[in-house]
$ cat target21.tsv   # TSV, C-alpha atoms
chain	number	residue	atom	x	y	z
Y	192	MET	CA	10.74	31.68	4.38
Y	193	THR	CA	7.62	29.55	4.22
Y	194	THR	CA	7.79	25.77	4.72
Y	195	LEU	CA	7.26	25.14	0.98
Y	196	GLN	CA	10.13	27.52	0.13
Y	197	LYS	CA	12.40	25.69	2.59
Y	198	ILE	CA	11.43	22.36	0.98
Y	199	LYS	CA	12.19	23.76	-2.49
Y	200	GLU	CA	15.59	25.05	-1.28
Y	201	ILE	CA	16.56	21.65	0.19
Y	202	GLU	CA	15.37	19.77	-2.92
Y	203	ASP	CA	17.45	22.10	-5.12
Y	204	GLU	CA	20.51	21.55	-2.92
Y	205	MET	CA	20.04	17.76	-3.12
Y	206	LYS	CA	19.92	17.97	-6.93
Y	207	ARG	CA	23.16	19.97	-6.96
Y	208	THR	CA	24.98	17.63	-4.57
Y	209	GLN	CA	26.99	14.87	-6.20
Y	210	LYS	CA	26.23	11.46	-4.70
Y	211	ASN	CA	29.26	9.56	-3.41
Y	212	LYS	CA	30.65	8.23	-0.13
Y	213	ALA	CA	32.02	11.64	0.84
Y	214	THR	CA	28.58	13.29	0.60
Y	215	ASN	CA	26.59	10.50	2.33
Y	216	PHE	CA	26.60	12.35	5.66
Y	217	HIS	CA	25.43	15.64	4.09
Y	218	MET	CA	22.73	13.91	2.00
Y	219	GLY	CA	21.45	12.04	5.05
Y	220	LEU	CA	21.04	15.31	6.97
Y	221	LEU	CA	19.26	16.94	4.03
Y	222	LYS	CA	16.87	13.99	3.71
Y	223	ALA	CA	16.06	14.12	7.44
Y	224	LYS	CA	15.36	17.88	7.26
Y	225	LEU	CA	13.23	17.38	4.14
Y	226	ALA	CA	11.18	14.60	5.80
Y	227	LYS	CA	10.53	16.83	8.84
Y	228	LEU	CA	9.39	19.77	6.68
Y	229	ARG	CA	7.14	17.54	4.57
Y	230	ALA	CA	5.56	16.18	7.77
Y	231	GLU	CA	4.78	19.78	8.82
Y	232	VAL	CA	3.07	20.44	5.47
Y	233	LEU	CA	1.06	17.20	5.59
Y	234	ASP	CA	-0.03	17.39	9.24
Y	235	PRO	CA	-2.58	20.22	9.70
Y	236	ARG	CA	-1.97	20.24	13.47
Y	237	LYS	CA	1.68	21.18	12.87
Y	238	SER	CA	1.19	23.58	9.98
Y	239	GLY	CA	-2.09	25.19	11.11
Y	240	ALA	CA	-3.62	24.51	7.67
Y	241	SER	CA	-7.15	23.36	6.95
Y	242	THR	CA	-7.65	19.63	6.51
Y	243	GLY	CA	-9.58	20.37	3.34
Y	244	ALA	CA	-12.22	17.72	3.99
Y	245	GLY	CA	-14.80	17.79	1.25
Y	246	GLU	CA	-17.90	16.06	-0.01
Y	247	GLY	CA	-17.40	12.50	-1.23
Y	248	PHE	CA	-14.14	11.77	0.57
Y	249	ASP	CA	-15.71	10.26	3.70
Y	250	VAL	CA	-16.32	6.81	2.23
Y	251	ALA	CA	-17.07	4.03	4.70
Y	252	LYS	CA	-14.74	1.05	4.35
Y	253	THR	CA	-16.84	-1.95	3.33
Y	254	GLY	CA	-16.15	-5.42	1.97
Y	255	ASP	CA	-13.07	-7.58	2.42
Y	256	ALA	CA	-10.54	-5.21	0.80
Y	257	ARG	CA	-10.30	-1.67	-0.58
Y	258	VAL	CA	-8.71	-0.76	-3.92
Y	259	GLY	CA	-7.99	2.86	-4.90
Y	260	LEU	CA	-7.66	4.16	-8.48
Y	261	VAL	CA	-4.97	6.86	-8.59
Y	262	GLY	CA	-3.86	8.73	-11.67
Y	263	PHE	CA	-3.77	11.93	-13.68
Y	264	PRO	CA	-7.02	13.41	-15.04
Y	265	SER	CA	-8.56	11.71	-18.10
Y	266	VAL	CA	-6.57	8.46	-18.04
Y	267	GLY	CA	-9.69	6.25	-17.80
Y	268	LYS	CA	-10.23	5.73	-14.03
Y	269	SER	CA	-14.00	6.33	-14.19
Y	270	THR	CA	-14.39	4.13	-17.28
Y	271	LEU	CA	-12.58	1.29	-15.50
Y	272	LEU	CA	-14.80	1.67	-12.40
Y	273	ASN	CA	-17.97	1.67	-14.55
Y	274	VAL	CA	-16.89	-1.47	-16.45
Y	275	MET	CA	-15.71	-3.48	-13.43
Y	276	THR	CA	-18.37	-2.57	-10.83
Y	277	ASN	CA	-21.45	-1.48	-12.83
Y	278	THR	CA	-21.37	1.78	-10.84
Y	279	TYR	CA	-21.92	5.10	-12.60
Y	280	SER	CA	-19.07	7.59	-12.44
Y	281	ALA	CA	-19.29	10.50	-14.88
Y	282	VAL	CA	-17.12	10.12	-18.00
Y	283	ALA	CA	-16.33	13.01	-20.36
Y	284	ALA	CA	-13.68	14.21	-22.82
Y	285	TYR	CA	-12.47	16.98	-20.49
Y	286	GLU	CA	-10.18	16.83	-17.45
Y	287	PHE	CA	-11.34	16.72	-13.80
Y	288	THR	CA	-14.71	15.11	-14.64
Y	289	THR	CA	-14.63	13.29	-11.28
Y	290	LEU	CA	-14.56	15.79	-8.39
Y	291	THR	CA	-15.43	13.48	-5.49
Y	292	CYS	CA	-14.63	9.91	-4.44
Y	293	VAL	CA	-17.00	7.45	-6.17
Y	294	PRO	CA	-17.17	3.94	-4.62
Y	295	GLY	CA	-18.11	0.66	-6.33
Y	296	VAL	CA	-18.00	-3.04	-5.39
Y	297	ILE	CA	-16.41	-5.95	-7.29
Y	298	ARG	CA	-17.56	-9.47	-6.44
Y	299	TYR	CA	-14.76	-11.90	-7.26
Y	300	LYS	CA	-14.16	-15.45	-6.00
Y	301	GLY	CA	-16.70	-14.89	-3.22
Y	302	ALA	CA	-15.02	-11.69	-1.97
Y	303	LYS	CA	-16.45	-8.19	-1.94
Y	304	ILE	CA	-13.74	-5.75	-3.04
Y	305	GLN	CA	-14.49	-2.04	-2.68
Y	306	MET	CA	-13.10	0.05	-5.55
Y	307	LEU	CA	-12.71	3.83	-5.22
Y	308	ASP	CA	-12.58	6.18	-8.21
Y	309	LEU	CA	-10.53	9.10	-6.90
Y	310	PRO	CA	-10.29	12.53	-8.56
Y	311	GLY	CA	-7.28	13.07	-10.82
Y	312	ILE	CA	-4.19	14.44	-9.11
Y	313	ILE	CA	-1.55	16.80	-10.47
Y	314	GLU	CA	2.12	17.40	-9.79
Y	315	GLY	CA	2.54	19.03	-6.38
Y	316	ALA	CA	-0.55	17.26	-4.97
Y	317	ARG	CA	1.30	16.30	-1.77
Y	318	TYR	CA	1.67	20.00	-0.96
Y	319	GLY	CA	-2.05	20.68	-1.34
Y	320	LYS	CA	-2.37	21.49	-5.06
Y	321	GLY	CA	-5.81	20.64	-6.43
Y	322	ARG	CA	-7.47	18.14	-4.11
Y	323	GLY	CA	-4.37	15.99	-4.08
Y	324	ARG	CA	-3.92	15.88	-0.32
Y	325	GLN	CA	-7.40	14.40	0.16
Y	326	VAL	CA	-6.92	11.94	-2.71
Y	327	ILE	CA	-3.62	10.63	-1.37
Y	328	ALA	CA	-5.04	10.50	2.20
Y	329	VAL	CA	-7.73	8.10	0.94
Y	330	ALA	CA	-5.04	6.09	-0.90
Y	331	ARG	CA	-3.33	5.52	2.49
Y	332	THR	CA	-6.39	3.56	3.68
Y	333	CYS	CA	-6.40	1.19	0.66
Y	334	SER	CA	-5.31	-2.46	0.69
Y	335	LEU	CA	-4.12	-2.08	-2.93
Y	336	VAL	CA	-3.39	0.93	-5.14
Y	337	LEU	CA	-4.00	0.83	-8.89
Y	338	ILE	CA	-1.99	3.57	-10.60
Y	339	ILE	CA	-3.77	4.19	-13.91
Y	340	LEU	CA	-1.34	5.28	-16.65
Y	341	ASP	CA	-2.00	6.52	-20.17
Y	342	ALA	CA	-0.21	4.16	-22.58
Y	343	LEU	CA	0.97	7.16	-24.66
Y	344	SER	CA	3.00	8.72	-21.79
Y	345	PRO	CA	3.37	6.07	-19.08
Y	346	LEU	CA	6.91	6.63	-17.76
Y	347	THR	CA	6.54	10.39	-17.18
Y	348	HIS	CA	3.25	9.94	-15.32
Y	349	LYS	CA	4.60	6.96	-13.36
Y	350	ARG	CA	7.57	8.91	-11.98
Y	351	ILE	CA	5.47	11.93	-10.96
Y	352	LEU	CA	2.76	9.82	-9.29
Y	353	GLU	CA	5.34	7.75	-7.40
Y	354	ASN	CA	6.96	10.95	-6.11
Y	355	GLU	CA	3.59	12.31	-4.95
Y	356	LEU	CA	2.69	9.12	-3.08
Y	357	GLU	CA	6.21	8.73	-1.64
Y	358	GLY	CA	6.06	12.32	-0.38
Y	359	PHE	CA	2.88	11.45	1.48
Y	360	GLY	CA	4.47	8.49	3.27
Y	361	ILE	CA	3.12	5.72	0.98
Y	362	ARG	CA	5.72	3.12	-0.01
Y	363	LEU	CA	4.70	1.14	-3.10
Y	364	ASN	CA	5.61	-2.56	-3.44
Y	365	LYS	CA	8.13	-2.33	-0.61
Y	366	LYS	CA	8.50	-4.11	2.70
Y	367	PRO	CA	9.20	-2.29	5.98
Y	368	PRO	CA	12.99	-2.08	6.57
Y	369	LEU	CA	14.36	-4.47	9.19
Y	370	ILE	CA	15.45	-1.72	11.57
Y	371	HIS	CA	14.46	-1.69	15.24
Y	372	MET	CA	14.65	1.50	17.28
Y	373	LYS	CA	14.18	1.56	21.05
Y	374	ARG	CA	14.31	4.88	22.91
Y	375	LYS	CA	15.88	5.01	26.35
Y	376	GLU	CA	16.44	7.59	29.09
Y	377	LYS	CA	20.26	7.69	29.03
Y	378	GLY	CA	23.32	6.08	27.49
Y	379	GLY	CA	23.48	7.88	24.15
Y	380	ILE	CA	23.08	6.26	20.72
Y	381	SER	CA	24.10	2.60	20.44
Y	382	ILE	CA	24.16	0.81	17.08
Y	383	SER	CA	24.22	-2.93	16.39
Y	384	THR	CA	24.18	-4.61	12.96
Y	385	THR	CA	23.84	-8.17	11.68
Y	386	VAL	CA	24.77	-7.17	8.10
Y	387	LYS	CA	27.37	-4.83	6.65
Y	388	LEU	CA	26.01	-1.30	6.11
Y	389	THR	CA	27.23	0.09	2.78
Y	390	ASN	CA	24.98	3.19	2.66
Y	391	LEU	CA	25.18	4.39	6.27
Y	392	ASP	CA	27.94	4.93	8.80
Y	393	GLU	CA	27.75	5.61	12.55
Y	394	GLU	CA	28.21	9.36	12.12
Y	395	THR	CA	25.31	9.63	9.62
Y	396	ILE	CA	22.98	7.55	11.83
Y	397	LYS	CA	23.71	9.77	14.84
Y	398	ALA	CA	23.25	12.94	12.75
Y	399	ILE	CA	19.84	11.79	11.43
Y	400	ALA	CA	18.75	10.81	14.95
Y	401	GLY	CA	19.98	14.19	16.23
Y	402	GLU	CA	17.85	15.99	13.62
Y	403	TYR	CA	14.82	14.36	15.30
Y	404	ARG	CA	16.19	15.24	18.76
Y	405	ILE	CA	16.84	11.60	19.59
Y	406	ARG	CA	19.84	11.60	21.92
Y	407	ASN	CA	19.38	8.22	23.62
Y	408	ALA	CA	18.27	5.15	21.66
Y	409	ASP	CA	19.27	1.65	20.56
Y	410	PHE	CA	19.32	1.04	16.78
Y	411	SER	CA	19.44	-2.53	15.48
Y	412	PHE	CA	19.98	-3.03	11.73
Y	413	HIS	CA	19.09	-6.37	10.11
Y	414	CYS	CA	19.31	-5.14	6.50
Y	415	ASP	CA	21.61	-2.97	4.38
Y	416	ALA	CA	19.54	0.15	5.05
Y	417	THR	CA	19.70	3.58	3.43
Y	418	ALA	CA	19.17	7.01	5.01
Y	419	ASP	CA	15.58	6.97	3.67
Y	420	ASP	CA	14.89	3.64	5.43
Y	421	LEU	CA	16.18	5.01	8.73
Y	422	ILE	CA	14.06	8.17	8.40
Y	423	ASP	CA	10.97	6.05	7.63
Y	424	VAL	CA	11.49	4.03	10.84
Y	425	ILE	CA	12.03	7.17	12.96
Y	426	GLU	CA	8.96	8.90	11.47
Y	427	GLY	CA	6.92	5.73	12.13
Y	428	ASN	CA	3.93	6.74	9.98
Y	429	ARG	CA	4.80	5.10	6.67
Y	430	ILE	CA	2.24	2.89	4.87
Y	431	TYR	CA	3.49	-0.06	2.81
Y	432	VAL	CA	0.95	-0.81	0.08
Y	433	PRO	CA	1.07	-3.21	-2.89
Y	434	CYS	CA	0.59	-1.47	-6.23
Y	435	ILE	CA	-0.30	-2.45	-9.81
Y	436	TYR	CA	0.53	-0.09	-12.68
Y	437	VAL	CA	-2.50	-0.35	-14.98
Y	438	LEU	CA	-1.51	0.63	-18.52
Y	439	ASN	CA	-4.77	1.89	-20.06
Y	440	LYS	CA	-5.63	2.76	-23.70
Y	441	ILE	CA	-3.37	0.06	-25.16
Y	442	ASP	CA	-5.52	0.16	-28.32
Y	443	GLN	CA	-3.72	3.43	-29.20
Y	444	ILE	CA	-0.15	2.02	-29.27
Y	445	THR	CA	1.72	-0.50	-31.43
Y	446	ILE	CA	2.27	-4.17	-30.53
Y	447	GLU	CA	6.05	-3.54	-30.28
Y	448	ALA	CA	5.55	-0.69	-27.78
Y	449	LEU	CA	3.09	-2.82	-25.80
Y	450	ASP	CA	5.61	-5.67	-25.54
Y	451	VAL	CA	8.24	-3.31	-24.12
Y	452	LEU	CA	5.91	-1.60	-21.62
Y	453	SER	CA	4.21	-4.79	-20.39
Y	454	SER	CA	7.58	-6.43	-19.61
Y	455	ALA	CA	8.12	-3.99	-16.69
Y	456	PRO	CA	7.39	-5.35	-13.17
Y	457	HIS	CA	3.93	-4.86	-11.60
Y	458	VAL	CA	2.40	-3.75	-14.94
Y	459	CYS	CA	-0.95	-4.89	-16.34
Y	460	PRO	CA	-1.94	-3.59	-19.82
Y	461	ILE	CA	-5.69	-3.07	-20.45
Y	462	SER	CA	-8.19	-1.11	-22.50
Y	463	ALA	CA	-11.07	-0.08	-20.22
Y	464	HIS	CA	-13.12	1.33	-23.13
Y	465	LEU	CA	-12.87	-1.87	-25.21
Y	466	GLN	CA	-12.80	-4.13	-22.10
Y	467	TRP	CA	-9.52	-5.80	-23.09
Y	468	ASN	CA	-7.55	-7.91	-20.57
Y	469	LEU	CA	-9.79	-7.12	-17.56
Y	470	ASP	CA	-9.71	-10.80	-16.50
Y	471	GLU	CA	-5.93	-10.65	-16.04
Y	472	LEU	CA	-6.26	-7.42	-14.05
Y	473	LEU	CA	-8.79	-9.06	-11.70
Y	474	GLU	CA	-6.55	-12.10	-11.22
Y	475	LYS	CA	-3.55	-9.85	-10.54
Y	476	MET	CA	-5.56	-7.81	-8.03
Y	477	TRP	CA	-6.51	-11.03	-6.23
Y	478	SER	CA	-2.88	-12.21	-6.01
Y	479	TYR	CA	-1.65	-8.80	-4.77
Y	480	LEU	CA	-4.39	-8.56	-2.12
Y	481	LYS	CA	-3.34	-11.99	-0.77
Y	482	LEU	CA	-6.84	-12.98	0.34
Y	483	LEU	CA	-7.80	-16.51	1.42
Y	484	ARG	CA	-11.14	-18.32	0.91
Y	485	ILE	CA	-12.06	-20.59	3.82
Y	486	TYR	CA	-15.20	-22.73	3.49
Y	487	THR	CA	-17.41	-23.70	6.42
Y	488	LYS	CA	-18.76	-27.23	6.98
Y	489	PRO	CA	-21.69	-27.81	9.34
Y	490	PRO	CA	-21.57	-31.22	11.13
Y	491	GLY	CA	-23.03	-34.01	8.99
Y	492	GLN	CA	-23.47	-31.77	5.93
Y	493	VAL	CA	-21.50	-30.94	2.78
Y	494	PRO	CA	-19.27	-27.82	2.83
Y	495	ASP	CA	-20.82	-24.50	1.84
Y	496	TYR	CA	-18.89	-23.45	-1.28
Y	497	THR	CA	-21.25	-20.55	-2.11
Y	498	ALA	CA	-20.21	-18.14	0.66
Y	499	PRO	CA	-16.56	-18.52	1.73
Y	500	VAL	CA	-15.15	-16.62	4.70
Y	501	ILE	CA	-12.58	-14.20	3.25
Y	502	MET	CA	-9.45	-13.72	5.37
Y	503	SER	CA	-6.18	-11.87	5.03
Y	504	SER	CA	-3.05	-14.00	4.65
Y	505	THR	CA	-1.27	-11.98	7.37
Y	506	ASN	CA	-3.00	-13.81	10.25
Y	507	PRO	CA	-4.99	-16.80	8.91
Y	508	THR	CA	-5.42	-18.71	12.19
Y	509	VAL	CA	-8.43	-20.79	13.22
Y	510	GLU	CA	-9.06	-18.30	16.03
Y	511	HIS	CA	-9.19	-15.40	13.57
Y	512	PHE	CA	-11.51	-17.46	11.36
Y	513	CYS	CA	-13.90	-18.05	14.29
Y	514	ASN	CA	-13.91	-14.37	15.25
Y	515	LYS	CA	-14.61	-13.46	11.63
Y	516	ILE	CA	-17.83	-15.52	11.79
Y	517	HIS	CA	-18.92	-14.42	15.30
Y	518	LYS	CA	-17.28	-13.35	18.57
Y	519	SER	CA	-19.33	-15.84	20.61
Y	520	ILE	CA	-17.67	-18.93	19.05
Y	521	MET	CA	-14.21	-18.79	20.71
Y	522	PRO	CA	-15.41	-19.07	24.38
Y	523	LEU	CA	-17.11	-22.39	23.45
Y	524	PHE	CA	-14.38	-23.56	21.03
Y	525	LYS	CA	-13.01	-27.10	21.62
Y	526	TYR	CA	-11.18	-27.93	18.37
Y	527	ALA	CA	-11.55	-27.63	14.58
Y	528	LEU	CA	-11.59	-30.30	11.87
Y	529	VAL	CA	-9.69	-29.04	8.82
Y	530	TRP	CA	-9.58	-30.39	5.25
Y	531	GLY	CA	-7.15	-28.89	2.71
Y	532	THR	CA	-3.51	-28.09	1.93
Y	533	SER	CA	-2.66	-26.77	5.42
Y	534	VAL	CA	-2.98	-30.23	7.02
Y	535	LYS	CA	-1.26	-33.60	6.51
Y	536	PHE	CA	-4.43	-35.68	6.90
Y	537	ASN	CA	-8.02	-35.04	5.79
Y	538	PRO	CA	-9.64	-34.25	8.13
Y	539	GLN	CA	-7.15	-33.23	10.83
Y	540	ARG	CA	-7.97	-32.09	14.34
Y	541	CYS	CA	-6.45	-28.63	14.94
Y	542	GLY	CA	-6.26	-26.04	17.68
Y	543	LYS	CA	-6.96	-22.30	17.56
Y	544	ASP	CA	-3.39	-21.38	16.47
Y	545	HIS	CA	-3.39	-23.55	13.33
Y	546	GLN	CA	-2.52	-21.56	10.16
Y	547	LEU	CA	-5.10	-21.98	7.41
Y	548	GLU	CA	-4.46	-21.86	3.66
Y	549	ASP	CA	-6.56	-20.88	0.62
Y	550	GLU	CA	-9.67	-23.02	0.05
Y	551	ASP	CA	-9.37	-24.98	3.29
Y	552	ILE	CA	-12.60	-26.44	4.74
Y	553	VAL	CA	-13.20	-25.96	8.48
Y	554	GLN	CA	-15.70	-27.59	10.83
Y	555	ILE	CA	-15.81	-26.08	14.33
Y	556	VAL	CA	-16.47	-28.39	17.30
Y	557	LYS	CA	-17.72	-26.71	20.47
Y	558	GLY	CA	-17.13	-27.97	24.00
$ encode --input "target21.tsv" --output "structure tokens"
Amino acid sequence: MTTLQKIKEIEDEMKRTQKNKATNFHMGLLKAKLAKLRAEVLDPRKSGASTGAGEGFDVAKTGDARVGLVGFPSVGKSTLLNVMTNTYSAVAAYEFTTLTCVPGVIRYKGAKIQMLDLPGIIEGARYGKGRGRQVIAVARTCSLVLIILDALSPLTHKRILENELEGFGIRLNKKPPLIHMKRKEKGGISISTTVKLTNLDEETIKAIAGEYRIRNADFSFHCDATADDLIDVIEGNRIYVPCIYVLNKIDQITIEALDVLSSAPHVCPISAHLQWNLDELLEKMWSYLKLLRIYTKPPGQVPDYTAPVIMSSTNPTVEHFCNKIHKSIMPLFKYALVWGTSVKFNPQRCGKDHQLEDEDIVQIVKG
């Protein structure tokens, strides 16, 4: 049997298996086997398959963030890119108009956001159908994924696209599970928990670890994890990306249908062709990217509000801010004067580990 046939067989068995406490162990084993087989399909070094690299998919990462447009053919990805970035991407009334990755740049609140128009993907893309593997591989490098849905059939498309991205190790709008795994040379499997596990038991954890040939390791659970969470931690190659479901072509549906669809979480309804609600989409993109604007202030001058330093909210320290401007600043750094919401007094003298907030003003004092 080929790897794809084995995957199909396991997926069919999982559909037939009734989900309850008695089948948790069996389902956990099946999920572990399925994850291993999918990894073989996705990794060319394991499967011996071609990487399928093609023209237009080697796009240099520029700007402060990268946003990828993912969706089925002819849902309006190219139209949205053309409207938002003034970049030309071919638009036509037939499917698969876009065959390569077309980049564009959005300038918003002083930030340069790179937007990628990716070719349409089809069901089975994660197994190499169409150019899906390349498309989803580019999506893994994005800071934010916009899943473009046709307003006439949003739920069907949403489920299929989520399955394709999940199968490629992309977790949408999720946080990494609070599970710590530490391998050791001997001593077997030891399990410690700070919360009650309702979806896993000791036998299932050991069976999943055994499927990956892990005989000696310490597992520490700080959340009510599932078998999928445990597999994600063991695999160690999962990408956790924020996602907005962009509901396009809302001019073709009724107000009642729009009210129902737009009430779902992470949804933003637009019409790219008529340029409806693009301002809300931009604002939502900004909030999901979690970028900070930090303004510089030369000594004895007013702050420069025209060109803020854009930083990620994951590590917004003064040291990171200095390195963002130039690497030569930190060796001469003495302290920073900070104005804004991150300090109690304006200005306040701060060290290199001070955490900055959006629209703070910083003046660097060298020693």
$ residues_around --input "target21.tsv" --residues "Y:Cys333" --least-positions-apart "2" --cutoff "7 Å" --atoms "all atoms listed in the file" --output "list in words"
Arg257, Val258, Gly259, Ala330, Arg331, Leu335 and Val336 of chain Y
$ closest_residue --input "target21.tsv" --among "Y:Ile380, Y:Leu309, Y:Leu340, Y:Leu547" --to "Y:Ile399" --atoms "only C-alpha atoms"
Y:Ile380
$ residues_around --input "target21.tsv" --residues "Y:Val529" --least-positions-apart "2" --cutoff "9 Å" --atoms "only C-alpha atoms" --output "mmCIF file with C-alpha atoms, in the coordinates of the input"
data_model
loop_
_atom_site.group_PDB
_atom_site.id
_atom_site.type_symbol
_atom_site.label_atom_id
_atom_site.label_comp_id
_atom_site.auth_asym_id
_atom_site.auth_seq_id
_atom_site.Cartn_x
_atom_site.Cartn_y
_atom_site.Cartn_z
ATOM 1 C CA ALA Y 527 -11.550 -27.630 14.580
ATOM 2 C CA GLY Y 531 -7.150 -28.890 2.710
ATOM 3 C CA SER Y 533 -2.660 -26.770 5.420
ATOM 4 C CA VAL Y 534 -2.980 -30.230 7.020
ATOM 5 C CA PHE Y 536 -4.430 -35.680 6.900
ATOM 6 C CA ASN Y 537 -8.020 -35.040 5.790
ATOM 7 C CA PRO Y 538 -9.640 -34.250 8.130
ATOM 8 C CA GLN Y 539 -7.150 -33.230 10.830
ATOM 9 C CA ARG Y 540 -7.970 -32.090 14.340
ATOM 10 C CA CYS Y 541 -6.450 -28.630 14.940
ATOM 11 C CA LEU Y 547 -5.100 -21.980 7.410
ATOM 12 C CA ASP Y 551 -9.370 -24.980 3.290
ATOM 13 C CA ILE Y 552 -12.600 -26.440 4.740
ATOM 14 C CA VAL Y 553 -13.200 -25.960 8.480
ATOM 15 C CA GLN Y 554 -15.700 -27.590 10.830
ATOM 16 C CA ILE Y 555 -15.810 -26.080 14.330
#
$ residues_around --input "target21.tsv" --residues "Y:Lys206" --least-positions-apart "5" --cutoff "12 Å" --atoms "all atoms listed in the file" --output "list of chain:residue names"
Y:Lys199, Y:Glu200, Y:Ile201, Y:Met218, Y:Leu221, Y:Lys222
$ residues_around --input "target21.tsv" --residues "Y:Phe216" --least-positions-apart "2" --cutoff "10 Å" --atoms "all atoms listed in the file" --output "PyMOL selection string"
chain Y and resi 211-214+218-221+390-399+418
$ residues_around --input "target21.tsv" --residues "Y:Lys227" --least-positions-apart "3" --cutoff "9 Å" --atoms "all atoms listed in the file" --output "ChimeraX atom specification"
/Y:222-224,230-232,402-403,426
$ write_last_selection --input "target21.tsv" --atoms "C-alpha atoms" --output "PDB file, keeping the file's coordinate frame"
ATOM      1  CA  LYS Y 222      16.870  13.990   3.710  1.00  0.00           C
ATOM      2  CA  ALA Y 223      16.060  14.120   7.440  1.00  0.00           C
ATOM      3  CA  LYS Y 224      15.360  17.880   7.260  1.00  0.00           C
ATOM      4  CA  ALA Y 230       5.560  16.180   7.770  1.00  0.00           C
ATOM      5  CA  GLU Y 231       4.780  19.780   8.820  1.00  0.00           C
ATOM      6  CA  VAL Y 232       3.070  20.440   5.470  1.00  0.00           C
ATOM      7  CA  GLU Y 402      17.850  15.990  13.620  1.00  0.00           C
ATOM      8  CA  TYR Y 403      14.820  14.360  15.300  1.00  0.00           C
ATOM      9  CA  GLU Y 426       8.960   8.900  11.470  1.00  0.00           C
TER      10      GLU Y 426
END
$ axis_aligned_box --input "target21.tsv" --around "stretch 217-224 of chain Y" --padding-each-side "3 Å" --output "JSON"
{"center_x": 20.4, "center_y": 15.0, "center_z": 4.7, "size_x": 16.1, "size_y": 11.8, "size_z": 11.4}
$ atom_distance --input "target21.tsv" --atom1 "atom CA of Y:Pro294" --atom2 "atom CA of Y:Leu260"
10.3 Å
$ atom_distance --input "target21.tsv" --atom1 "atom CA of Y:Glu474" --atom2 "atom CA of Y:Ile435"
11.6 Å
$ closest_residue --input "target21.tsv" --among "Y:Ala416, Y:Thr291, Y:Leu337, Y:Asp409" --to "Y:Leu369" --atoms "only C-alpha atoms"
Y:Ala416
$ atom_distance --input "target21.tsv" --atom1 "atom CA of Y:Gly301" --atom2 "atom CA of Y:Pro489"
18.7 Å
$ closest_residue --input "target21.tsv" --among "Y:Val274, Y:Glu314, Y:Glu204, Y:Ala342" --to "Y:Thr445" --atoms "all atoms listed in the file"
Y:Ala342
